[in-house]
Amino acid sequence: MTIVLLIMGVSGSGKTTIAQRVADGLNWEFLDADDVHPAANIDKMQRGQPLDDSDRAPWLATLADILSKRVTQQRPIVLACSALKQSYRDRLQQGCRHVSVVYLKGSYDTIYNRMQQRSQHFMKADLLASQFAILEEPEEALVLALDQPLDAIVQAIHTHIVNLTPVSPDGQTD
């Protein structure tokens with residue numbers, strides 16, 4: 001059984017850091033959805049303009065294609081992706097069975113303060129309100145509060161995945 005682990009949340013919730021650590025711990029492939037954004041999307045966000053559904057559609061299609069290929073190849077993958085709306089998550093899961101969603105949940109103030117501390121990311125703190133405005137919290141997900149230590153979050157995700165499916169030492173699921 002192949003597993004796709006989608007770690008989602010608004011920008012600044014720690015998706016990339018957490019997903020990378022989870023992937024490393026499970027010996028699974030890691031993919032940061034930000035690395036797949038077309039240049040036009042990045043330029044738009046750098047100008048302080050939020051993306052709309054038409055901006056996200058090709059990006060989500062590319063991500064869904066990558067996930068589908070990994071499932072076909074029986075290669076487990078951890079995806080860090082905002083996936084703010086249910087329709088986005090549905091699109092990502094097309095053609096993929098055994099997708100597990102982890103929602104990193106935090107308050108606006110906590111995440112805004114985090115975003116103000118980072119300088120290298122194209123997504124600026126001023127766009128956070130637009131992310132919260134369209135966020136549709138998932139109904140079926142492991143929900144983890146961001147006010148706990150990073151190690152505790154990573155361990156909770158590892159425990160969640162291990163309880164879902166046996167994983168062999170080479171990272172393949174049984």
# chains A, B, ... in the order shown; residues from 1 in each chain; ligands from 1
>>> select_by_dssp(residues="chain A", states="strand (DSSP E)", output="number ranges by chain")
A: 4-8, 29-32, 77-80, 99-105, 142-145
>>> closest_residue(among="A:Glu136, A:Val102, A:Met45, A:Val22", to="A:Asp151", atoms="only C-alpha atoms")
A:Val22
>>> select_by_dssp(residues="stretch 39-155 of chain A", states="helix (DSSP H, G or I)", output="number ranges by chain")
A: 39-46, 53-72, 86-93, 108-117, 125-134, 150-155
>>> residues_around(residues="A:Thr72", least_positions_apart="4", cutoff="12 Å", atoms="only C-alpha atoms", output="PyMOL selection string")
chain A and resi 1-4+65-68+76-77+95-97
>>> write_last_selection(atoms="N, CA and C atoms", output="PDB file, in the first residue's frame")
ATOM      1  N   MET A   1       0.848  -1.178   0.000  1.00  0.00           N
ATOM      2  CA  MET A   1       0.000   0.000   0.000  1.00  0.00           C
ATOM      3  C   MET A   1       0.894   1.242   0.000  1.00  0.00           C
ATOM      4  N   THR A   2       0.680   2.119  -0.957  1.00  0.00           N
ATOM      5  CA  THR A   2       1.451   3.348  -1.049  1.00  0.00           C
ATOM      6  C   THR A   2       0.781   4.422  -0.213  1.00  0.00           C
ATOM      7  N   ILE A   3       1.595   5.228   0.414  1.00  0.00           N
ATOM      8  CA  ILE A   3       1.085   6.317   1.234  1.00  0.00           C
ATOM      9  C   ILE A   3       1.561   7.647   0.671  1.00  0.00           C
ATOM     10  N   VAL A   4       0.642   8.590   0.573  1.00  0.00           N
ATOM     11  CA  VAL A   4       0.961   9.981   0.318  1.00  0.00           C
ATOM     12  C   VAL A   4       0.602  10.711   1.602  1.00  0.00           C
ATOM     13  N   ASP A  65      -0.107  15.338 -10.573  1.00  0.00           N
ATOM     14  CA  ASP A  65       0.586  14.451 -11.509  1.00  0.00           C
ATOM     15  C   ASP A  65       1.799  13.791 -10.839  1.00  0.00           C
ATOM     16  N   ILE A  66       2.560  14.572 -10.094  1.00  0.00           N
ATOM     17  CA  ILE A  66       3.720  14.027  -9.376  1.00  0.00           C
ATOM     18  C   ILE A  66       3.269  12.963  -8.380  1.00  0.00           C
ATOM     19  N   LEU A  67       2.229  13.268  -7.605  1.00  0.00           N
ATOM     20  CA  LEU A  67       1.748  12.312  -6.605  1.00  0.00           C
ATOM     21  C   LEU A  67       1.246  11.036  -7.268  1.00  0.00           C
ATOM     22  N   SER A  68       0.502  11.176  -8.333  1.00  0.00           N
ATOM     23  CA  SER A  68      -0.019  10.014  -9.044  1.00  0.00           C
ATOM     24  C   SER A  68       1.115   9.119  -9.549  1.00  0.00           C
ATOM     25  N   PRO A  76       6.491   5.974  -1.485  1.00  0.00           N
ATOM     26  CA  PRO A  76       5.872   6.875  -0.504  1.00  0.00           C
ATOM     27  C   PRO A  76       6.472   8.281  -0.588  1.00  0.00           C
ATOM     28  N   ILE A  77       5.631   9.265  -0.359  1.00  0.00           N
ATOM     29  CA  ILE A  77       6.059  10.661  -0.478  1.00  0.00           C
ATOM     30  C   ILE A  77       5.379  11.514   0.587  1.00  0.00           C
ATOM     31  N   GLY A  95      -6.483  10.136  -8.231  1.00  0.00           N
ATOM     32  CA  GLY A  95      -5.575   9.085  -8.673  1.00  0.00           C
ATOM     33  C   GLY A  95      -4.683   8.535  -7.578  1.00  0.00           C
ATOM     34  N   CYS A  96      -4.881   8.992  -6.367  1.00  0.00           N
ATOM     35  CA  CYS A  96      -4.047   8.543  -5.242  1.00  0.00           C
ATOM     36  C   CYS A  96      -4.914   7.902  -4.174  1.00  0.00           C
ATOM     37  N   ARG A  97      -4.614   6.672  -3.864  1.00  0.00           N
ATOM     38  CA  ARG A  97      -5.266   6.042  -2.720  1.00  0.00           C
ATOM     39  C   ARG A  97      -4.349   6.181  -1.521  1.00  0.00           C
TER      40      ARG A  97
END
>>> residues_around(residues="A:Val101", least_positions_apart="3", cutoff="8 Å", atoms="only C-alpha atoms", output="list in words")
Leu5, Leu6, Ile7, Met8, Glu140, Ala141 and Leu142 of chain A
>>> write_last_selection(atoms="N, CA and C atoms", output="short mmCIF file (atom, residue, chain, number, x, y, z; two decimals), in the first residue's frame")
data_model
loop_
_atom_site.label_atom_id
_atom_site.label_comp_id
_atom_site.auth_asym_id
_atom_site.auth_seq_id
_atom_site.Cartn_x
_atom_site.Cartn_y
_atom_site.Cartn_z
N LEU A 5 1.57 11.38 2.16
CA LEU A 5 1.33 12.15 3.37
C LEU A 5 1.33 13.63 2.98
N LEU A 6 0.18 14.26 3.13
CA LEU A 6 0.01 15.67 2.82
C LEU A 6 0.05 16.45 4.13
N ILE A 7 1.07 17.28 4.28
CA ILE A 7 1.18 18.14 5.46
C ILE A 7 0.79 19.53 5.00
N MET A 8 -0.34 20.01 5.54
CA MET A 8 -0.96 21.24 5.06
C MET A 8 -1.13 22.27 6.16
N GLU A 140 -11.29 15.39 7.78
CA GLU A 140 -10.60 14.13 8.07
C GLU A 140 -9.10 14.36 7.98
N ALA A 141 -8.50 14.61 9.14
CA ALA A 141 -7.07 14.88 9.18
C ALA A 141 -6.57 14.69 10.60
N LEU A 142 -5.27 14.46 10.70
CA LEU A 142 -4.61 14.56 11.99
C LEU A 142 -4.34 16.05 12.19
#
>>> atom_distance(atom1="atom CA of A:Trp59", atom2="atom CA of A:Asp32")
12.0 Å
>>> closest_residue(among="A:Ser100, A:Thr16, A:Ser107, A:Arg70", to="A:Val162", atoms="only C-alpha atoms")
A:Ser100
>>> closest_residue(among="A:Ala57, A:Val143, A:Asp35, A:Leu128", to="A:Thr110", atoms="only C-alpha atoms")
A:Leu128
>>> atom_distance(atom1="atom CA of A:Ala33", atom2="atom CA of A:Leu79")
6.8 Å
>>> closest_residue(among="A:Ala80, A:Leu127, A:Leu150, A:Glu137", to="A:Ala19", atoms="only C-alpha atoms")
A:Ala80
>>> residues_around(residues="stretch 157-161 of chain A", least_positions_apart="2", cutoff="8 Å", atoms="only C-alpha atoms", output="ChimeraX atom specification")
/A:22,25-26,102,142,153-155,163-165
>>> write_last_selection(atoms="C-alpha atoms", output="PDB file, in the first residue's frame")
ATOM      1  CA  VAL A  22       9.064  13.459   8.806  1.00  0.00           C
ATOM      2  CA  GLY A  25      12.642   9.907   9.611  1.00  0.00           C
ATOM      3  CA  LEU A  26      10.536   7.587   7.453  1.00  0.00           C
ATOM      4  CA  VAL A 102      -1.938  16.357   8.567  1.00  0.00           C
ATOM      5  CA  LEU A 142      -4.606  14.559  11.990  1.00  0.00           C
ATOM      6  CA  ILE A 153       4.793  17.377  16.234  1.00  0.00           C
ATOM      7  CA  VAL A 154       7.161  15.230  14.189  1.00  0.00           C
ATOM      8  CA  GLN A 155       6.775  12.312  16.615  1.00  0.00           C
ATOM      9  CA  ASN A 163      -0.202   3.098  12.864  1.00  0.00           C
ATOM     10  CA  LEU A 164      -1.632   3.426   9.352  1.00  0.00           C
ATOM     11  CA  THR A 165       0.682   1.018   7.562  1.00  0.00           C
TER      12      THR A 165
END
